[in-house]
>>> print(open('run.txt').read())   # compact mmCIF, C-alpha atoms
# COMPACT_ATOMS: atom_id res chain seq x y z
CA MET A 56 -34.47 9.68 -35.23
CA ASN A 57 -31.33 8.77 -37.19
CA ARG A 58 -29.82 12.16 -36.41
CA LEU A 59 -30.55 11.71 -32.68
CA LEU A 60 -29.03 8.22 -32.73
CA THR A 61 -25.91 9.60 -34.43
CA ILE A 62 -25.52 12.29 -31.77
CA ILE A 63 -25.87 9.71 -28.98
CA ILE A 64 -23.25 7.47 -30.58
CA LEU A 65 -20.84 10.40 -31.00
CA MET A 66 -21.34 11.45 -27.37
CA CYS A 67 -20.66 7.90 -26.17
CA ALA A 68 -17.50 7.76 -28.29
CA ILE A 69 -16.27 11.05 -26.84
CA CYS A 70 -16.90 9.88 -23.28
CA THR A 71 -15.10 6.62 -23.99
CA VAL A 72 -11.93 8.02 -25.50
CA ALA A 73 -11.58 11.23 -23.47
CA PRO A 74 -9.19 10.54 -20.58
CA ALA A 75 -10.13 11.61 -17.09
CA GLN A 76 -8.38 14.81 -16.12
CA ASP A 77 -5.78 14.45 -13.38
CA THR A 78 -5.98 16.76 -10.42
CA GLU A 79 -3.12 19.20 -9.94
CA GLU A 80 -2.12 17.29 -6.80
CA LEU A 81 -1.88 14.02 -8.68
CA LYS A 82 0.11 15.63 -11.48
CA ALA A 83 2.55 17.03 -8.94
CA ALA A 84 2.82 13.66 -7.19
CA ARG A 85 3.52 11.81 -10.43
CA LYS A 86 6.14 14.36 -11.44
CA TRP A 87 7.82 14.04 -8.03
CA LEU A 88 7.73 10.24 -8.21
CA LYS A 89 9.29 10.24 -11.66
CA THR A 90 12.22 12.41 -10.53
CA GLY A 91 13.22 9.69 -8.09
CA VAL A 92 14.47 12.20 -5.52
CA TRP A 93 12.70 10.19 -2.82
CA ARG A 94 15.00 7.22 -3.60
CA ASN A 95 18.09 9.11 -2.40
CA GLY A 96 20.05 6.91 -4.77
CA VAL A 97 19.60 3.87 -2.53
CA PHE A 98 16.18 2.35 -3.24
CA ASN A 99 15.41 0.56 -6.49
CA ALA A 100 11.82 -0.66 -6.00
CA ASP A 101 8.67 1.16 -7.15
CA PRO A 102 5.28 1.76 -5.54
CA ASP A 103 2.54 -0.62 -6.59
CA GLU A 104 -0.05 0.85 -8.94
CA ASN A 105 -2.59 0.73 -6.08
CA VAL A 106 -0.58 3.11 -3.89
CA ASN A 107 -2.16 6.52 -3.31
CA LEU A 108 0.56 8.68 -4.87
CA VAL A 109 -0.83 11.96 -3.54
CA GLU A 110 -0.69 10.62 0.02
CA PHE A 111 2.80 9.20 -0.57
CA TYR A 112 4.00 12.56 -1.88
CA ASN A 113 2.43 14.52 1.00
CA GLN A 114 3.59 12.16 3.74
CA TYR A 115 7.12 12.11 2.37
CA GLN A 116 7.28 15.91 2.49
CA LYS A 117 5.94 15.97 6.06
CA ASN A 118 8.01 13.08 7.41
CA GLN A 119 11.04 12.74 5.13
CA LYS A 120 13.41 11.58 7.87
CA GLN A 121 11.42 8.42 8.54
CA TRP A 122 10.84 7.57 4.89
CA ASP A 123 14.52 8.05 4.04
CA ALA A 124 15.50 5.88 7.01
CA VAL A 125 13.28 3.02 5.79
CA PHE A 126 14.64 3.16 2.25
CA ARG A 127 18.25 3.29 3.49
CA TRP A 128 17.69 0.33 5.81
CA ILE A 129 16.26 -1.79 3.00
CA ARG A 130 19.22 -1.01 0.76
CA ALA A 131 21.78 -1.63 3.51
CA ASN A 132 20.54 -5.11 4.45
CA ASP A 133 20.36 -8.44 2.64
CA LEU A 134 16.65 -8.99 3.01
CA ARG A 135 16.80 -12.63 1.94
CA THR A 136 19.21 -13.68 4.71
CA ILE A 137 18.59 -11.26 7.56
CA PRO A 138 17.05 -13.11 10.54
CA LYS A 139 13.30 -12.93 10.87
CA GLY A 140 11.93 -10.88 13.72
CA GLN A 141 12.09 -7.22 14.72
CA HIS A 142 14.96 -4.91 13.79
CA GLN A 143 15.34 -1.37 15.07
CA ILE A 144 16.33 1.24 12.51
CA TYR A 145 19.26 3.03 14.13
CA GLY A 146 18.63 6.64 15.08
CA THR A 147 14.84 6.35 14.76
CA SER A 148 11.83 4.95 16.62
CA LEU A 149 11.04 2.72 13.64
CA VAL A 150 10.97 -1.06 13.85
CA VAL A 151 11.18 -3.33 10.81
CA LYS A 152 9.36 -6.65 11.08
CA VAL A 153 10.88 -9.37 8.92
CA GLU A 154 8.23 -12.05 8.55
CA ASP A 155 8.48 -15.56 7.10
CA SER A 156 4.90 -16.69 6.71
CA GLN A 157 2.22 -17.97 4.33
CA ASN A 158 -0.72 -16.55 2.49
CA GLN A 159 -4.03 -17.88 3.80
CA PRO A 160 -7.60 -18.26 2.48
CA LEU A 161 -9.48 -14.98 2.54
CA GLU A 162 -11.85 -16.11 5.31
CA GLN A 163 -8.87 -16.59 7.63
CA ARG A 164 -7.49 -13.09 7.12
CA ARG A 165 -8.70 -9.97 8.98
CA SER A 166 -9.26 -6.58 7.47
CA GLU A 167 -7.76 -3.54 9.13
CA SER A 168 -6.89 0.12 8.96
CA HIS A 169 -4.91 2.48 11.16
CA TYR A 170 -5.38 6.07 12.27
CA LYS A 171 -1.93 7.03 13.49
CA HIS A 172 0.35 4.95 11.31
CA VAL A 173 1.15 4.09 7.71
CA ASP A 174 1.76 0.45 6.76
CA PHE A 175 4.76 0.06 4.47
CA GLN A 176 4.97 -3.48 3.09
CA TYR A 177 7.60 -4.94 0.80
CA VAL A 178 7.69 -8.51 -0.53
CA VAL A 179 11.16 -10.03 -0.42
CA LYS A 180 10.28 -13.54 -1.59
CA GLY A 181 7.18 -15.09 -3.14
CA THR A 182 3.90 -13.44 -4.08
CA GLU A 183 1.63 -11.85 -1.49
CA GLY A 184 -2.09 -11.36 -1.97
CA PHE A 185 -3.68 -8.07 -0.88
CA ALA A 186 -7.11 -6.46 -0.88
CA LEU A 187 -8.48 -2.94 -0.60
CA LEU A 188 -11.98 -2.59 0.82
CA ASP A 189 -14.80 -0.55 -0.61
CA HIS A 190 -15.72 2.14 1.92
CA GLU A 191 -19.41 2.41 1.08
CA SER A 192 -20.19 -1.27 1.67
CA SER A 193 -17.73 -1.90 4.54
CA ILE A 194 -18.65 -1.37 8.20
CA ALA A 195 -16.44 -1.36 11.28
CA ASN A 196 -17.18 -4.47 13.36
CA CYS A 197 -15.35 -3.42 16.53
CA GLU A 198 -14.26 -0.43 18.55
CA TYR A 199 -11.03 1.28 17.58
CA ASP A 200 -8.13 -0.18 19.57
CA ALA A 201 -6.04 2.89 20.39
CA LYS A 202 -3.22 0.87 21.94
CA LYS A 203 -2.73 -1.23 18.81
CA ASP A 204 -3.95 1.54 16.49
CA VAL A 205 -6.23 -0.77 14.55
CA ILE A 206 -9.85 -1.22 13.59
CA HIS A 207 -11.44 -4.13 11.70
CA TYR A 208 -14.30 -4.30 9.21
CA ASP A 209 -17.07 -6.42 7.77
CA TYR A 210 -16.94 -6.12 3.98
CA ASP A 211 -18.41 -7.36 0.72
CA PRO A 212 -15.85 -9.51 -1.18
CA ALA A 213 -17.67 -8.76 -4.44
CA LYS A 214 -16.88 -5.06 -4.01
CA THR A 215 -13.32 -5.62 -2.81
CA HIS A 216 -10.27 -4.97 -4.98
CA PHE A 217 -7.84 -7.91 -4.89
CA PHE A 218 -4.28 -7.79 -6.23
CA ASN A 219 -0.91 -9.52 -5.91
CA SER A 220 2.48 -8.06 -5.09
CA LYS A 221 5.98 -9.43 -5.53
CA LYS A 222 9.59 -8.29 -5.26
CA GLY A 223 10.32 -5.00 -6.98
CA ARG A 224 7.10 -3.35 -5.81
CA PHE A 225 6.12 -1.98 -2.43
CA ASN A 226 2.71 -1.21 -1.00
CA ILE A 227 1.74 1.61 1.31
CA PHE A 228 -1.52 1.59 3.23
CA PHE A 229 -2.56 4.98 4.58
CA PRO A 230 -5.42 5.49 7.09
CA SER A 231 -7.94 5.69 4.24
CA ASP A 232 -6.72 2.35 2.83
CA TRP A 233 -8.79 -0.31 4.56
CA HIS A 234 -6.88 -3.42 3.63
CA ILE A 235 -6.18 -7.13 4.01
CA ALA A 236 -2.74 -8.72 3.64
CA LYS A 237 -1.39 -12.25 3.13
CA ILE A 238 -4.32 -13.53 1.09
CA GLN A 239 -3.95 -16.83 -0.72
CA THR A 240 -3.07 -16.37 -4.39
CA GLU A 241 -3.34 -18.63 -7.44
CA LYS A 242 0.35 -19.48 -7.12
CA LYS A 243 1.38 -23.01 -6.15
CA ASP A 244 3.76 -21.77 -3.45
CA GLN A 245 2.13 -19.64 -0.75
CA ASN A 246 5.31 -19.13 1.28
CA ILE A 247 6.41 -15.51 1.51
CA ARG A 248 9.01 -13.33 3.18
CA VAL A 249 7.90 -9.75 3.74
CA ILE A 250 9.02 -6.72 5.66
CA VAL A 251 6.54 -4.44 7.39
CA VAL A 252 7.26 -1.01 8.83
CA LYS A 253 4.78 1.28 10.56
CA LEU A 254 5.67 4.92 9.93
CA ASP A 255 4.00 7.82 11.70
CA TYR A 256 1.08 9.36 9.82
CA VAL A 257 1.40 13.14 9.90
CA GLU A 258 -1.78 15.19 9.65
>>> encode(input="run.txt", output="structure tokens")
Amino acid sequence: MNRLLTIIILMCAICTVAPAQDTEELKAARKWLKTGVWRNGVFNADPDENVNLVEFYNQYQKNQKQWDAVFRWIRANDLRTIPKGQHQIYGTSLVVKVEDSQNQPLEQRRSESHYKHVDFQYVVKGTEGFALLDHESSIANCEYDAKKDVIHYDYDPAKTHFFNSKKGRFNIFFPSDWHIAKIQTEKKDQNIRVIVVKLDYVE
């Protein structure tokens, strides 16, 4: 019995300390991210730890012109003083939304995902609360709106991943990222300035 118990303990220890093996795709994505080639020397923020790096890597390769245009636009403009509203990125079909708003209680925020677009979100001022939904326990509660490219979900808050984001980090929500934005945080000040850009999702 003691020998069996020792084996079980050793097996548990091995499982605890052995790191999960990265896929080749994830290794390639991390290597690409570290090189910084995607910055083009003009963008000094980093993706949030919740960003799907494999998707970021793949979408950048497929749609580099749009991604480069977004990063250049951010670098070229004073994001703290630029007027709120919509701004066309010259030479592209992309529109940047500069929003001055507030985080709200979770029950006042709607979940969403998109089929044809990627949500790029960057906090300029304040701290924004986000959430990523669990797919297994979340269910679409409406028909897909093709015109707005959006669908909403009922979800279990207990199985939802909540996190905050502030200046210096950007978030990217791909079609598989069912998400909620502008959720009230523990901060005293809930006022935020954010920019949102919808890039094309390339299959």
>>> residues_around(input="run.txt", residues="Trp87 in chain A", least_positions_apart="5", cutoff="12 Å", atoms="only C-alpha atoms", output="MDAnalysis selection string")
chainID A and resid 80:82 92:94 108:109 111:113 115:116
>>> residues_around(input="run.txt", residues="Ala186 in chain A", least_positions_apart="3", cutoff="6 Å", atoms="all atoms listed in the file", output="list in words")
His216, Phe217, His234 and Ile235 of chain A
>>> write_last_selection(input="run.txt", atoms="C-alpha atoms", output="short mmCIF file (atom, residue, chain, number, x, y, z; two decimals), keeping the file's coordinate frame")
data_model
loop_
_atom_site.label_atom_id
_atom_site.label_comp_id
_atom_site.auth_asym_id
_atom_site.auth_seq_id
_atom_site.Cartn_x
_atom_site.Cartn_y
_atom_site.Cartn_z
CA HIS A 216 -10.27 -4.97 -4.98
CA PHE A 217 -7.84 -7.91 -4.89
CA HIS A 234 -6.88 -3.42 3.63
CA ILE A 235 -6.18 -7.13 4.01
#
>>> residues_around(input="run.txt", residues="Pro160 in chain A", least_positions_apart="3", cutoff="12 Å", atoms="only C-alpha atoms", output="ChimeraX atom specification")
/A:157,163-165,183-185,235-241,245
>>> closest_residue(input="run.txt", among="A:Val178, A:Leu149, A:Ile144, A:Ile129", to="Ile227 in chain A", atoms="all atoms listed in the file")
A:Val178
>>> closest_residue(input="run.txt", among="A:His142, A:Arg224, A:Lys214, A:Lys120", to="Leu187 in chain A", atoms="only C-alpha atoms")
A:Lys214
>>> residues_around(input="run.txt", residues="range 99-105 of chain A", least_positions_apart="6", cutoff="7 Å", atoms="only C-alpha atoms", output="number ranges by chain")
A: 223-226
>>> residues_near_point(input="run.txt", point="(17.0, 0.5, 10.8)", cutoff="9 Å", atoms="all atoms listed in the file", output="list in words")
Ala124, Val125, Arg127, Trp128, Ile129, Ala131, His142, Gln143, Ile144, Tyr145, Gly146, Thr147, Ser148, Leu149, Val150 and Val151 of chain A
>>> write_last_selection(input="run.txt", atoms="C-alpha atoms", output="mmCIF file, in the frame of the given file")
data_model
loop_
_atom_site.group_PDB
_atom_site.id
_atom_site.type_symbol
_atom_site.label_atom_id
_atom_site.label_comp_id
_atom_site.auth_asym_id
_atom_site.auth_seq_id
_atom_site.Cartn_x
_atom_site.Cartn_y
_atom_site.Cartn_z
ATOM 1 C CA ALA A 124 15.500 5.880 7.010
ATOM 2 C CA VAL A 125 13.280 3.020 5.790
ATOM 3 C CA ARG A 127 18.250 3.290 3.490
ATOM 4 C CA TRP A 128 17.690 0.330 5.810
ATOM 5 C CA ILE A 129 16.260 -1.790 3.000
ATOM 6 C CA ALA A 131 21.780 -1.630 3.510
ATOM 7 C CA HIS A 142 14.960 -4.910 13.790
ATOM 8 C CA GLN A 143 15.340 -1.370 15.070
ATOM 9 C CA ILE A 144 16.330 1.240 12.510
ATOM 10 C CA TYR A 145 19.260 3.030 14.130
ATOM 11 C CA GLY A 146 18.630 6.640 15.080
ATOM 12 C CA THR A 147 14.840 6.350 14.760
ATOM 13 C CA SER A 148 11.830 4.950 16.620
ATOM 14 C CA LEU A 149 11.040 2.720 13.640
ATOM 15 C CA VAL A 150 10.970 -1.060 13.850
ATOM 16 C CA VAL A 151 11.180 -3.330 10.810
#
>>> residues_near_point(input="run.txt", point="(-20.4, 1.4, 4.4)", cutoff="12 Å", atoms="all atoms listed in the file", output="list in words")
Leu188, Asp189, His190, Glu191, Ser192, Ser193, Ile194, Ala195, Asn196, Tyr208, Asp209, Tyr210, Asp211, Lys214 and Trp233 of chain A
>>> atom_distance(input="run.txt", atom1="CA of Asp123 in chain A", atom2="CA of Asn95 in chain A")
7.4 Å
>>> atom_distance(input="run.txt", atom1="CA of Asp232 in chain A", atom2="CA of Asp155 in chain A")
23.9 Å
>>> closest_residue(input="run.txt", among="A:Lys89, A:Arg130, A:His172, A:Lys221", to="Val249 in chain A", atoms="all atoms listed in the file")
A:Lys221
